[in-house]
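Shown here: upload.pdb, PDB, C-alpha atoms, pLDDT in the B column.
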```
ATOM      1  CA  MET A 259     -19.073  29.453  10.163  1.00 44.00           C
ATOM      2  CA  VAL A 260     -18.635  29.952  13.902  1.00 41.00           C
ATOM      3  CA  ASN A 261     -16.229  32.858  13.374  1.00 44.00           C
ATOM      4  CA  LEU A 262     -18.668  34.581  11.013  1.00 42.00           C
ATOM      5  CA  ALA A 263     -21.407  34.165  13.603  1.00 46.00           C
ATOM      6  CA  ILE A 264     -19.149  35.789  16.208  1.00 47.00           C
ATOM      7  CA  ALA A 265     -18.401  38.636  13.786  1.00 45.00           C
ATOM      8  CA  ALA A 266     -22.113  39.191  13.195  1.00 50.00           C
ATOM      9  CA  LEU A 267     -22.753  39.157  16.943  1.00 47.00           C
ATOM     10  CA  LEU A 268     -20.034  41.761  17.551  1.00 46.00           C
ATOM     11  CA  GLY A 269     -21.413  43.903  14.754  1.00 49.00           C
ATOM     12  CA  GLY A 270     -24.903  43.681  16.231  1.00 52.00           C
ATOM     13  CA  LEU A 271     -23.709  44.752  19.686  1.00 46.00           C
ATOM     14  CA  VAL A 272     -21.778  47.721  18.293  1.00 43.00           C
ATOM     15  CA  ALA A 273     -24.778  48.694  16.145  1.00 51.00           C
ATOM     16  CA  MET A 274     -26.728  49.381  19.318  1.00 56.00           C
ATOM     17  CA  VAL A 275     -24.279  52.242  19.963  1.00 53.00           C
ATOM     18  CA  SER A 276     -23.159  53.307  16.492  1.00 56.00           C
ATOM     19  CA  PRO A 277     -24.456  51.754  13.243  1.00 57.00           C
ATOM     20  CA  PRO A 278     -21.611  53.212  11.111  1.00 55.00           C
ATOM     21  CA  LEU A 279     -19.027  51.807  13.538  1.00 50.00           C
ATOM     22  CA  ALA A 280     -20.797  48.434  13.456  1.00 47.00           C
ATOM     23  CA  VAL A 281     -20.305  48.244   9.703  1.00 50.00           C
ATOM     24  CA  ALA A 282     -16.584  48.908  10.152  1.00 51.00           C
ATOM     25  CA  VAL A 283     -16.295  46.309  12.930  1.00 43.00           C
ATOM     26  CA  PHE A 284     -18.042  43.656  10.869  1.00 47.00           C
ATOM     27  CA  ALA A 285     -15.977  44.440   7.763  1.00 50.00           C
ATOM     28  CA  GLY A 286     -12.764  44.269   9.778  1.00 50.00           C
ATOM     29  CA  SER A 287     -13.788  40.965  11.328  1.00 50.00           C
ATOM     30  CA  VAL A 288     -14.564  39.429   7.958  1.00 43.00           C
ATOM     31  CA  ALA A 289     -11.206  40.649   6.649  1.00 46.00           C
ATOM     32  CA  ALA A 290      -9.422  39.015   9.606  1.00 46.00           C
ATOM     33  CA  ILE A 291     -11.235  35.733   8.986  1.00 43.00           C
ATOM     34  CA  TYR A 292     -10.309  35.868   5.293  1.00 41.00           C
ATOM     35  CA  LEU A 293      -6.639  36.612   5.950  1.00 41.00           C
ATOM     36  CA  ARG A 294      -6.035  34.393   9.011  1.00 42.00           C
ATOM     37  CA  GLY A 295      -8.782  31.793   8.727  1.00 42.00           C
ATOM     38  CA  TYR A 296     -10.239  32.723  12.123  1.00 40.00           C
ATOM     39  CA  LEU A 297     -11.408  35.671  14.210  1.00 46.00           C
ATOM     40  CA  VAL A 298     -11.019  34.178  17.682  1.00 45.00           C
ATOM     41  CA  PRO A 299      -7.832  32.064  18.042  1.00 46.00           C
ATOM     42  CA  GLY A 300      -8.567  28.435  18.807  1.00 41.00           C
ATOM     43  CA  THR A 301     -11.917  28.155  17.039  1.00 45.00           C
ATOM     44  CA  PRO A 302     -13.470  25.761  16.258  1.00 43.00           C
ATOM     45  CA  THR A 303     -11.594  23.756  18.935  1.00 41.00           C
ATOM     46  CA  LEU A 304     -12.793  26.053  21.707  1.00 40.00           C
ATOM     47  CA  THR A 305     -16.388  26.008  20.516  1.00 40.00           C
ATOM     48  CA  LYS A 306     -16.431  22.218  20.254  1.00 39.00           C
ATOM     49  CA  ARG A 307     -15.062  21.941  23.771  1.00 41.00           C
ATOM     50  CA  TYR A 308     -17.175  24.527  25.580  1.00 42.00           C
ATOM     51  CA  LEU A 309     -20.396  25.210  23.662  1.00 44.00           C
ATOM     52  CA  PRO A 310     -23.359  22.898  24.382  1.00 46.00           C
ATOM     53  CA  ASP A 311     -24.560  20.506  21.682  1.00 45.00           C
ATOM     54  CA  ALA A 312     -27.735  22.526  21.119  1.00 46.00           C
ATOM     55  CA  VAL A 313     -25.646  25.565  20.140  1.00 43.00           C
ATOM     56  CA  LEU A 314     -23.150  23.600  18.066  1.00 41.00           C
ATOM     57  CA  LYS A 315     -25.989  22.114  16.002  1.00 42.00           C
ATOM     58  CA  LEU A 316     -26.884  25.634  14.858  1.00 43.00           C
ATOM     59  CA  PHE A 317     -23.522  25.818  13.077  1.00 41.00           C
ATOM     60  CA  ASP A 318     -23.625  22.281  11.669  1.00 43.00           C
ATOM     61  CA  LYS A 319     -26.405  22.061   9.101  1.00 41.00           C
ATOM     62  CA  HIS A 320     -24.783  19.501   6.825  1.00 43.00           C
ATOM     63  CA  ASP A 321     -24.590  15.754   7.209  1.00 48.00           C
ATOM     64  CA  PRO A 322     -21.086  14.433   7.836  1.00 51.00           C
ATOM     65  CA  ASP A 323     -19.387  12.927   4.820  1.00 57.00           C
ATOM     66  CA  PRO A 324     -20.351   9.294   4.315  1.00 56.00           C
ATOM     67  CA  PRO A 325     -17.614   6.940   5.483  1.00 59.00           C
ATOM     68  CA  ALA A 326     -15.478   5.357   2.781  1.00 60.00           C
ATOM     69  CA  ILE A 327     -15.808   1.585   2.988  1.00 61.00           C
ATOM     70  CA  ALA A 328     -13.265  -0.123   0.762  1.00 54.00           C
ATOM     71  CA  ASP A 329     -11.661  -2.818   2.914  1.00 61.00           C
ATOM     72  CA  GLU A 330     -11.541  -4.365   6.371  1.00 68.00           C
ATOM     73  CA  ALA A 331      -9.573  -1.442   7.824  1.00 70.00           C
ATOM     74  CA  ASP A 332     -12.230   1.014   6.625  1.00 84.00           C
ATOM     75  CA  ILE A 333     -14.973  -1.070   8.186  1.00 88.00           C
ATOM     76  CA  GLU A 334     -13.182  -1.175  11.536  1.00 89.00           C
ATOM     77  CA  SER A 335     -12.534   2.581  11.382  1.00 88.00           C
ATOM     78  CA  PHE A 336     -16.208   3.241  10.734  1.00 89.00           C
ATOM     79  CA  LEU A 337     -17.353   0.982  13.570  1.00 92.00           C
ATOM     80  CA  ILE A 338     -14.920   2.722  15.924  1.00 92.00           C
ATOM     81  CA  GLU A 339     -16.161   6.128  14.741  1.00 90.00           C
ATOM     82  CA  VAL A 340     -19.770   5.315  15.628  1.00 91.00           C
ATOM     83  CA  ASP A 341     -18.746   3.799  18.993  1.00 93.00           C
ATOM     84  CA  ALA A 342     -19.894   0.342  17.952  1.00 94.00           C
ATOM     85  CA  VAL A 343     -16.534  -1.260  18.764  1.00 94.00           C
ATOM     86  CA  GLU A 344     -13.541  -0.312  20.864  1.00 94.00           C
ATOM     87  CA  GLU A 345     -10.225  -1.790  21.906  1.00 92.00           C
ATOM     88  CA  CYS A 346     -10.697  -4.727  24.237  1.00 91.00           C
ATOM     89  CA  ARG A 347      -9.407  -4.447  27.789  1.00 87.00           C
ATOM     90  CA  ASP A 348      -6.389  -6.606  27.010  1.00 84.00           C
ATOM     91  CA  GLY A 349      -5.580  -4.376  24.028  1.00 80.00           C
ATOM     92  CA  THR A 350      -5.174  -7.269  21.597  1.00 81.00           C
ATOM     93  CA  ASP A 351      -8.418  -6.976  19.627  1.00 87.00           C
ATOM     94  CA  LEU A 352     -11.645  -5.019  19.173  1.00 92.00           C
ATOM     95  CA  CYS A 353     -14.820  -5.646  21.171  1.00 93.00           C
ATOM     96  CA  LEU A 354     -18.355  -4.303  21.038  1.00 94.00           C
ATOM     97  CA  THR A 355     -18.929  -1.285  23.244  1.00 95.00           C
ATOM     98  CA  GLU A 356     -21.362  -1.970  26.059  1.00 96.00           C
ATOM     99  CA  ALA A 357     -23.755   0.723  24.821  1.00 96.00           C
ATOM    100  CA  PHE A 358     -23.874  -0.655  21.277  1.00 96.00           C
ATOM    101  CA  ARG A 359     -24.224  -4.261  22.463  1.00 96.00           C
ATOM    102  CA  THR A 360     -27.206  -3.309  24.623  1.00 96.00           C
ATOM    103  CA  ALA A 361     -28.891  -1.219  21.920  1.00 96.00           C
ATOM    104  CA  TRP A 362     -28.315  -3.886  19.252  1.00 96.00           C
ATOM    105  CA  ASN A 363     -29.712  -6.685  21.418  1.00 95.00           C
ATOM    106  CA  GLU A 364     -32.778  -4.636  22.320  1.00 95.00           C
ATOM    107  CA  ARG A 365     -33.532  -3.993  18.647  1.00 93.00           C
ATOM    108  CA  ILE A 366     -33.055  -7.690  17.832  1.00 94.00           C
ATOM    109  CA  HIS A 367     -35.473  -8.720  20.573  1.00 93.00           C
ATOM    110  CA  ARG A 368     -38.097  -6.202  19.431  1.00 91.00           C
ATOM    111  CA  LEU A 369     -37.876  -7.461  15.838  1.00 89.00           C
ATOM    112  CA  ARG A 370     -38.114 -11.078  16.942  1.00 88.00           C
ATOM    113  CA  GLU A 371     -41.102 -10.469  19.196  1.00 86.00           C
ATOM    114  CA  ARG A 372     -43.028  -8.497  16.561  1.00 82.00           C
ATOM    115  CA  GLY A 373     -42.404 -11.097  13.864  1.00 73.00           C
ATOM    116  CA  ASP A 374     -42.672  -8.494  11.093  1.00 64.00           C
ATOM    117  CA  GLU A 375     -38.991  -8.315  10.192  1.00 63.00           C
ATOM    118  CA  ASP A 376     -39.689  -8.773   6.460  1.00 62.00           C
ATOM    119  CA  GLU A 377     -41.170  -5.276   6.425  1.00 66.00           C
ATOM    120  CA  GLY A 378     -37.846  -3.871   7.646  1.00 72.00           C
ATOM    121  CA  ILE A 379     -35.834  -4.926   4.599  1.00 81.00           C
ATOM    122  CA  ALA A 380     -36.743  -1.709   2.779  1.00 79.00           C
ATOM    123  CA  ALA A 381     -34.612   0.245   5.275  1.00 81.00           C
ATOM    124  CA  LEU A 382     -31.469  -1.284   3.742  1.00 83.00           C
ATOM    125  CA  PHE A 383     -32.312   0.503   0.483  1.00 83.00           C
ATOM    126  CA  GLU A 384     -33.404   3.881   1.863  1.00 80.00           C
ATOM    127  CA  GLY A 385     -31.495   6.788   0.363  1.00 76.00           C
ATOM    128  CA  LEU A 386     -30.672   4.792  -2.758  1.00 79.00           C
ATOM    129  CA  ASP A 387     -32.251   5.319  -6.158  1.00 80.00           C
ATOM    130  CA  ILE A 388     -34.487   2.298  -5.702  1.00 81.00           C
ATOM    131  CA  ASP A 389     -38.250   2.030  -5.375  1.00 84.00           C
ATOM    132  CA  THR A 390     -38.543   0.135  -2.098  1.00 81.00           C
ATOM    133  CA  GLU A 391     -41.937  -1.173  -3.200  1.00 83.00           C
ATOM    134  CA  ARG A 392     -40.025  -3.400  -5.636  1.00 87.00           C
ATOM    135  CA  VAL A 393     -38.028  -5.028  -2.835  1.00 87.00           C
ATOM    136  CA  ARG A 394     -39.188  -8.348  -1.444  1.00 87.00           C
ATOM    137  CA  VAL A 395     -37.807 -11.072   0.820  1.00 87.00           C
ATOM    138  CA  GLU A 396     -38.087 -14.817   0.364  1.00 88.00           C
ATOM    139  CA  SER A 397     -37.087 -17.525   2.812  1.00 85.00           C
ATOM    140  CA  TYR A 398     -35.809 -20.997   1.960  1.00 84.00           C
ATOM    141  CA  GLY A 399     -35.739 -23.113   5.076  1.00 84.00           C
ATOM    142  CA  ASP A 400     -33.797 -20.935   7.499  1.00 86.00           C
ATOM    143  CA  ALA A 401     -32.069 -18.859   4.792  1.00 89.00           C
ATOM    144  CA  TYR A 402     -33.290 -15.482   3.556  1.00 89.00           C
ATOM    145  CA  GLU A 403     -32.879 -13.753   0.193  1.00 91.00           C
ATOM    146  CA  ALA A 404     -33.764 -10.207  -0.899  1.00 89.00           C
ATOM    147  CA  TYR A 405     -34.893  -9.414  -4.441  1.00 90.00           C
ATOM    148  CA  ILE A 406     -35.527  -6.311  -6.485  1.00 89.00           C
ATOM    149  CA  ASP A 407     -38.090  -7.538  -8.977  1.00 89.00           C
ATOM    150  CA  ASP A 408     -36.495 -10.827 -10.095  1.00 88.00           C
ATOM    151  CA  THR A 409     -32.878  -9.930  -9.317  1.00 91.00           C
ATOM    152  CA  ARG A 410     -31.366 -11.291  -6.110  1.00 91.00           C
ATOM    153  CA  VAL A 411     -29.504  -8.521  -4.307  1.00 88.00           C
ATOM    154  CA  GLY A 412     -28.876  -9.961  -0.843  1.00 88.00           C
ATOM    155  CA  GLN A 413     -28.769 -13.226   1.064  1.00 90.00           C
ATOM    156  CA  TRP A 414     -28.453 -14.316   4.683  1.00 92.00           C
ATOM    157  CA  GLU A 415     -27.357 -17.694   6.012  1.00 90.00           C
ATOM    158  CA  SER A 416     -30.168 -17.784   8.555  1.00 93.00           C
ATOM    159  CA  ARG A 417     -32.979 -15.850  10.185  1.00 92.00           C
ATOM    160  CA  ALA A 418     -30.530 -15.101  12.990  1.00 94.00           C
ATOM    161  CA  ALA A 419     -28.177 -13.335  10.563  1.00 95.00           C
ATOM    162  CA  TYR A 420     -31.116 -11.533   8.963  1.00 93.00           C
ATOM    163  CA  LEU A 421     -32.418 -10.252  12.310  1.00 94.00           C
ATOM    164  CA  ALA A 422     -28.923  -9.147  13.318  1.00 95.00           C
ATOM    165  CA  ASP A 423     -28.469  -7.086  10.148  1.00 95.00           C
ATOM    166  CA  LEU A 424     -31.860  -5.377  10.289  1.00 92.00           C
ATOM    167  CA  ALA A 425     -31.360  -4.466  13.953  1.00 94.00           C
ATOM    168  CA  ALA A 426     -27.803  -3.217  13.403  1.00 95.00           C
ATOM    169  CA  GLU A 427     -28.911  -1.179  10.369  1.00 93.00           C
ATOM    170  CA  GLY A 428     -31.398   0.744  12.466  1.00 92.00           C
ATOM    171  CA  GLU A 429     -28.837   1.456  15.173  1.00 94.00           C
ATOM    172  CA  LEU A 430     -26.117   2.566  12.723  1.00 94.00           C
ATOM    173  CA  ARG A 431     -28.596   4.786  10.886  1.00 91.00           C
ATOM    174  CA  ASP A 432     -29.336   6.579  14.160  1.00 91.00           C
ATOM    175  CA  ARG A 433     -25.645   6.898  15.033  1.00 89.00           C
ATOM    176  CA  HIS A 434     -24.246   8.236  11.754  1.00 87.00           C
ATOM    177  CA  ALA A 435     -26.032  10.817   9.619  1.00 83.00           C
ATOM    178  CA  GLY A 436     -23.998   9.737   6.594  1.00 83.00           C
ATOM    179  CA  TRP A 437     -25.160   6.109   6.768  1.00 87.00           C
ATOM    180  CA  HIS A 438     -27.998   6.668   4.291  1.00 80.00           C
ATOM    181  CA  ARG A 439     -25.472   7.913   1.739  1.00 80.00           C
ATOM    182  CA  LEU A 440     -23.542   4.643   1.705  1.00 86.00           C
ATOM    183  CA  GLY A 441     -24.188   2.281  -1.166  1.00 86.00           C
ATOM    184  CA  PHE A 442     -25.984  -0.992  -0.598  1.00 85.00           C
ATOM    185  CA  ASP A 443     -22.811  -3.091  -0.944  1.00 86.00           C
ATOM    186  CA  ALA A 444     -20.969  -0.986   1.639  1.00 88.00           C
ATOM    187  CA  ARG A 445     -23.882  -1.233   4.064  1.00 90.00           C
ATOM    188  CA  THR A 446     -24.063  -5.016   3.805  1.00 90.00           C
ATOM    189  CA  GLU A 447     -20.279  -5.315   4.251  1.00 90.00           C
ATOM    190  CA  VAL A 448     -20.427  -3.341   7.487  1.00 92.00           C
ATOM    191  CA  LEU A 449     -23.443  -5.277   8.764  1.00 94.00           C
ATOM    192  CA  GLY A 450     -21.961  -8.635   7.845  1.00 92.00           C
ATOM    193  CA  SER A 451     -18.700  -7.795   9.614  1.00 91.00           C
ATOM    194  CA  LEU A 452     -20.569  -6.755  12.750  1.00 94.00           C
ATOM    195  CA  ARG A 453     -21.992 -10.261  13.055  1.00 94.00           C
ATOM    196  CA  LEU A 454     -18.507 -11.489  13.912  1.00 91.00           C
ATOM    197  CA  TRP A 455     -18.966  -9.790  17.300  1.00 93.00           C
ATOM    198  CA  LEU A 456     -22.281 -11.465  18.138  1.00 94.00           C
ATOM    199  CA  GLU A 457     -22.105 -13.216  21.490  1.00 93.00           C
ATOM    200  CA  ARG A 458     -25.723 -14.371  21.771  1.00 94.00           C
ATOM    201  CA  CYS A 459     -27.816 -15.831  18.980  1.00 96.00           C
ATOM    202  CA  PRO A 460     -30.491 -13.461  17.593  1.00 95.00           C
ATOM    203  CA  SER A 461     -32.856 -16.418  17.100  1.00 93.00           C
ATOM    204  CA  CYS A 462     -32.454 -18.597  20.197  1.00 93.00           C
ATOM    205  CA  ASP A 463     -30.330 -16.490  22.598  1.00 93.00           C
ATOM    206  CA  GLY A 464     -27.738 -19.263  22.908  1.00 95.00           C
ATOM    207  CA  PRO A 465     -23.986 -18.583  22.763  1.00 96.00           C
ATOM    208  CA  VAL A 466     -22.297 -17.980  19.402  1.00 95.00           C
ATOM    209  CA  THR A 467     -18.998 -19.730  18.685  1.00 93.00           C
ATOM    210  CA  LEU A 468     -16.438 -18.905  16.002  1.00 88.00           C
ATOM    211  CA  GLY A 469     -14.432 -21.628  14.286  1.00 86.00           C
ATOM    212  CA  GLU A 470     -13.336 -23.276  11.058  1.00 83.00           C
ATOM    213  CA  ASP A 471     -15.647 -25.441   8.993  1.00 76.00           C
ATOM    214  CA  THR A 472     -15.840 -27.120   5.596  1.00 74.00           C
ATOM    215  CA  VAL A 473     -18.825 -26.494   3.336  1.00 67.00           C
ATOM    216  CA  GLU A 474     -19.621 -29.025   0.628  1.00 64.00           C
ATOM    217  CA  SER A 475     -20.868 -27.822  -2.748  1.00 57.00           C
ATOM    218  CA  CYS A 476     -21.764 -29.883  -5.786  1.00 56.00           C
ATOM    219  CA  CYS A 477     -18.204 -29.969  -7.056  1.00 58.00           C
ATOM    220  CA  ARG A 478     -15.799 -29.138  -4.237  1.00 64.00           C
ATOM    221  CA  SER A 479     -15.192 -28.542  -0.544  1.00 70.00           C
ATOM    222  CA  ILE A 480     -14.789 -24.968   0.704  1.00 73.00           C
ATOM    223  CA  ASP A 481     -12.986 -24.019   3.916  1.00 79.00           C
ATOM    224  CA  VAL A 482     -14.749 -21.245   5.810  1.00 78.00           C
ATOM    225  CA  ILE A 483     -14.561 -19.251   9.009  1.00 84.00           C
ATOM    226  CA  ALA A 484     -17.983 -19.618  10.585  1.00 87.00           C
ATOM    227  CA  ALA A 485     -19.884 -18.160  13.540  1.00 92.00           C
ATOM    228  CA  THR A 486     -22.646 -20.526  14.672  1.00 93.00           C
ATOM    229  CA  CYS A 487     -25.335 -20.511  17.363  1.00 95.00           C
ATOM    230  CA  GLU A 488     -24.588 -23.459  19.654  1.00 94.00           C
ATOM    231  CA  ASP A 489     -28.180 -24.131  20.738  1.00 94.00           C
ATOM    232  CA  CYS A 490     -30.029 -23.920  17.406  1.00 94.00           C
ATOM    233  CA  GLU A 491     -27.078 -24.340  14.989  1.00 92.00           C
ATOM    234  CA  ALA A 492     -28.021 -21.195  13.064  1.00 94.00           C
ATOM    235  CA  ARG A 493     -25.122 -19.841  10.995  1.00 93.00           C
ATOM    236  CA  VAL A 494     -24.716 -16.098  11.584  1.00 93.00           C
ATOM    237  CA  PHE A 495     -21.475 -15.547   9.659  1.00 89.00           C
ATOM    238  CA  GLU A 496     -19.514 -17.430   7.035  1.00 84.00           C
ATOM    239  CA  ALA A 497     -16.506 -16.423   4.957  1.00 82.00           C
ATOM    240  CA  GLN A 498     -14.179 -18.457   2.780  1.00 75.00           C
ATOM    241  CA  PHE A 499     -10.515 -18.602   3.755  1.00 65.00           C
ATOM    242  CA  SER A 500      -7.365 -20.386   2.697  1.00 55.00           C
ATOM    243  CA  PRO A 501      -5.801 -22.768   5.265  1.00 53.00           C
ATOM    244  CA  GLU A 502      -2.451 -22.313   3.490  1.00 50.00           C
ATOM    245  CA  ALA A 503      -2.633 -18.538   3.949  1.00 45.00           C
ATOM    246  CA  MET A 504      -3.537 -18.977   7.604  1.00 45.00           C
ATOM    247  CA  ALA A 505      -0.588 -21.310   8.125  1.00 49.00           C
ATOM    248  CA  ALA A 506       1.761 -18.864   6.401  1.00 47.00           C
ATOM    249  CA  ASP A 507       0.738 -16.126   8.839  1.00 48.00           C
TER     250      ASP A 507
END
```

Output the file's structure in the form of structure tokens.
Amino acid sequence: MVNLAIAALLGGLVAMVSPPLAVAVFAGSVAAIYLRGYLVPGTPTLTKRYLPDAVLKLFDKHDPDPPAIADEADIESFLIEVDAVEECRDGTDLCLTEAFRTAWNERIHRLRERGDEDEGIAALFEGLDIDTERVRVESYGDAYEAYIDDTRVGQWESRAAYLADLAAEGELRDRHAGWHRLGFDARTEVLGSLRLWLERCPSCDGPVTLGEDTVESCCRSIDVIAATCEDCEARVFEAQFSPEAMAAD
């Protein structure tokens, strides 16, 4: 696209002197692009490096491809791509970038202060073939559940987790033009994984700690990895794991 624009520009300049020659110049340029793949060696690398963003946007009319989210590695790759996480200073793990942490916390605080977070649930379904008017949220104690008509489609352990996801969704939507083309399951996987990096509780601002816990159901005990707000005991993340598998590692 950039090379064709350069060819058109050259043709236009030559046309000011000789229209017949301009046709030949443009035709020759197009032929060079077809045969070699470029007119000016080094494009688009040179244009990406030296042209300002306002000019580059003229040649980039399409949304980037939506990220493929299939497993944990894909989620981490996506979060790195949008500058949400980066390698920690000690190089042993990933940490939130300072810019994303600040933006995420600011969105969380705005949601919490307004108290209208239930209205934001529709954003999780934007771009999908779903009438957002059919989406509703119900709370049970501190837990939240999302429904489409009478079908439950999402659940959160606490209001803290719910606020974190809605705030992160807005920030990721602004950072990646392909976000709206992700399916609902992929979106919730990314958002849920992000909560592992929470340092302050979205509900009470206290510290968040990560550890092992045992959850009792009607018939059995389940071992989980859990992130919990120390001050208000809100659960912001919970995932089942096998102690045997952990020991084997």

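For the structure in this document, the set picked by the PyMOL selection byres ((chain A and resi 337-340) around 10) is Pro325, Ala331, Asp332, Ile333, Glu334, Ser335, Phe336, Asp341, Ala342, Val343, Glu344, Glu345, Leu352, Cys353, Leu354, Thr355, Phe358, Glu429, Leu430, Asp432, Arg433, His434, Val448, Leu449, Ser451 and Leu452 of chain A.
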
With C-alpha atoms kept, could you save the residues just selected as a PDB file, in the frame of the given file?
```pdb
ATOM      1  CA  PRO A 325     -17.614   6.940   5.483  1.00 59.00           C
ATOM      2  CA  ALA A 331      -9.573  -1.442   7.824  1.00 70.00           C
ATOM      3  CA  ASP A 332     -12.230   1.014   6.625  1.00 84.00           C
ATOM      4  CA  ILE A 333     -14.973  -1.070   8.186  1.00 88.00           C
ATOM      5  CA  GLU A 334     -13.182  -1.175  11.536  1.00 89.00           C
ATOM      6  CA  SER A 335     -12.534   2.581  11.382  1.00 88.00           C
ATOM      7  CA  PHE A 336     -16.208   3.241  10.734  1.00 89.00           C
ATOM      8  CA  ASP A 341     -18.746   3.799  18.993  1.00 93.00           C
ATOM      9  CA  ALA A 342     -19.894   0.342  17.952  1.00 94.00           C
ATOM     10  CA  VAL A 343     -16.534  -1.260  18.764  1.00 94.00           C
ATOM     11  CA  GLU A 344     -13.541  -0.312  20.864  1.00 94.00           C
ATOM     12  CA  GLU A 345     -10.225  -1.790  21.906  1.00 92.00           C
ATOM     13  CA  LEU A 352     -11.645  -5.019  19.173  1.00 92.00           C
ATOM     14  CA  CYS A 353     -14.820  -5.646  21.171  1.00 93.00           C
ATOM     15  CA  LEU A 354     -18.355  -4.303  21.038  1.00 94.00           C
ATOM     16  CA  THR A 355     -18.929  -1.285  23.244  1.00 95.00           C
ATOM     17  CA  PHE A 358     -23.874  -0.655  21.277  1.00 96.00           C
ATOM     18  CA  GLU A 429     -28.837   1.456  15.173  1.00 94.00           C
ATOM     19  CA  LEU A 430     -26.117   2.566  12.723  1.00 94.00           C
ATOM     20  CA  ASP A 432     -29.336   6.579  14.160  1.00 91.00           C
ATOM     21  CA  ARG A 433     -25.645   6.898  15.033  1.00 89.00           C
ATOM     22  CA  HIS A 434     -24.246   8.236  11.754  1.00 87.00           C
ATOM     23  CA  VAL A 448     -20.427  -3.341   7.487  1.00 92.00           C
ATOM     24  CA  LEU A 449     -23.443  -5.277   8.764  1.00 94.00           C
ATOM     25  CA  SER A 451     -18.700  -7.795   9.614  1.00 91.00           C
ATOM     26  CA  LEU A 452     -20.569  -6.755  12.750  1.00 94.00           C
TER      27      LEU A 452
END
```

Inset, instruction - Apply the PyMOL selection byres ((chain A and resi 458) around 12) to the structure shown and report the selected residues as a ChimeraX atom specification. - result: /A:359-360,362-363,366-367,418-419,422,453-457,459-468,485-490,492,494

C-alpha atoms of the current selection, written as a PDB file, in the coordinates of the input:
```pdb
ATOM      1  CA  ARG A 359     -24.224  -4.261  22.463  1.00 96.00           C
ATOM      2  CA  THR A 360     -27.206  -3.309  24.623  1.00 96.00           C
ATOM      3  CA  TRP A 362     -28.315  -3.886  19.252  1.00 96.00           C
ATOM      4  CA  ASN A 363     -29.712  -6.685  21.418  1.00 95.00           C
ATOM      5  CA  ILE A 366     -33.055  -7.690  17.832  1.00 94.00           C
ATOM      6  CA  HIS A 367     -35.473  -8.720  20.573  1.00 93.00           C
ATOM      7  CA  ALA A 418     -30.530 -15.101  12.990  1.00 94.00           C
ATOM      8  CA  ALA A 419     -28.177 -13.335  10.563  1.00 95.00           C
ATOM      9  CA  ALA A 422     -28.923  -9.147  13.318  1.00 95.00           C
ATOM     10  CA  ARG A 453     -21.992 -10.261  13.055  1.00 94.00           C
ATOM     11  CA  LEU A 454     -18.507 -11.489  13.912  1.00 91.00           C
ATOM     12  CA  TRP A 455     -18.966  -9.790  17.300  1.00 93.00           C
ATOM     13  CA  LEU A 456     -22.281 -11.465  18.138  1.00 94.00           C
ATOM     14  CA  GLU A 457     -22.105 -13.216  21.490  1.00 93.00           C
ATOM     15  CA  CYS A 459     -27.816 -15.831  18.980  1.00 96.00           C
ATOM     16  CA  PRO A 460     -30.491 -13.461  17.593  1.00 95.00           C
ATOM     17  CA  SER A 461     -32.856 -16.418  17.100  1.00 93.00           C
ATOM     18  CA  CYS A 462     -32.454 -18.597  20.197  1.00 93.00           C
ATOM     19  CA  ASP A 463     -30.330 -16.490  22.598  1.00 93.00           C
ATOM     20  CA  GLY A 464     -27.738 -19.263  22.908  1.00 95.00           C
ATOM     21  CA  PRO A 465     -23.986 -18.583  22.763  1.00 96.00           C
ATOM     22  CA  VAL A 466     -22.297 -17.980  19.402  1.00 95.00           C
ATOM     23  CA  THR A 467     -18.998 -19.730  18.685  1.00 93.00           C
ATOM     24  CA  LEU A 468     -16.438 -18.905  16.002  1.00 88.00           C
ATOM     25  CA  ALA A 485     -19.884 -18.160  13.540  1.00 92.00           C
ATOM     26  CA  THR A 486     -22.646 -20.526  14.672  1.00 93.00           C
ATOM     27  CA  CYS A 487     -25.335 -20.511  17.363  1.00 95.00           C
ATOM     28  CA  GLU A 488     -24.588 -23.459  19.654  1.00 94.00           C
ATOM     29  CA  ASP A 489     -28.180 -24.131  20.738  1.00 94.00           C
ATOM     30  CA  CYS A 490     -30.029 -23.920  17.406  1.00 94.00           C
ATOM     31  CA  ALA A 492     -28.021 -21.195  13.064  1.00 94.00           C
ATOM     32  CA  VAL A 494     -24.716 -16.098  11.584  1.00 93.00           C
TER      33      VAL A 494
END
```

Inset, instruction - Determine the residue membership of the PyMOL selection byres ((chain A and resi 393-410) around 9) for the file above and supply it as number ranges by chain. - result: A: 376-377, 379-380, 383, 388-392, 411-420, 492

Inset, instruction - Write out as an MDAnalysis selection string the residues lying within 8 Å of Gln498 (chain A), counting only C-alpha atoms and excluding same-chain residues fewer than 2 positions away. - result: chainID A and resid 480:483 496 500

Inset, instruction - May I ask which of the residues A:Gly378, A:Gly373, A:Gly450, A:Gly385 is the closest one to Ala435 (chain A), counting all atoms listed in the file? - result: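 Closest candidate: A:Gly385.
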
Legend entry - Top pick for closest residue to Arg493 (chain A), considering A:Leu369, A:Asp471, A:Ser479, A:Thr350 and counting only C-alpha atoms: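 Among the listed residues, the smallest separation from Arg493 (chain A) belongs to A:Asp471.
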
Legend entry - Gap from CA of Phe495 (chain A) to CA of Ala426 (chain A) - Å, one decimal: 14.4 Å

Inset, instruction - Figure out the distance between CA of Phe442 (chain A) and CA of Glu364 (chain A), please, to one decimal in Å. - result: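 Distance between the two atoms: 24.2 Å.
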
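The two atoms in question, CA of Asp387 (chain A) and CA of Arg445 (chain A), are spaced 14.7 Å apart.
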
Inset, instruction - Select, from A:Glu356, A:Leu382, A:Asp351, A:Cys346, the residue with the minimum atom-to-atom distance to Gly428 (chain A), counting only C-alpha atoms. - result: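 So, comparing all the options, the nearest one is A:Leu382.
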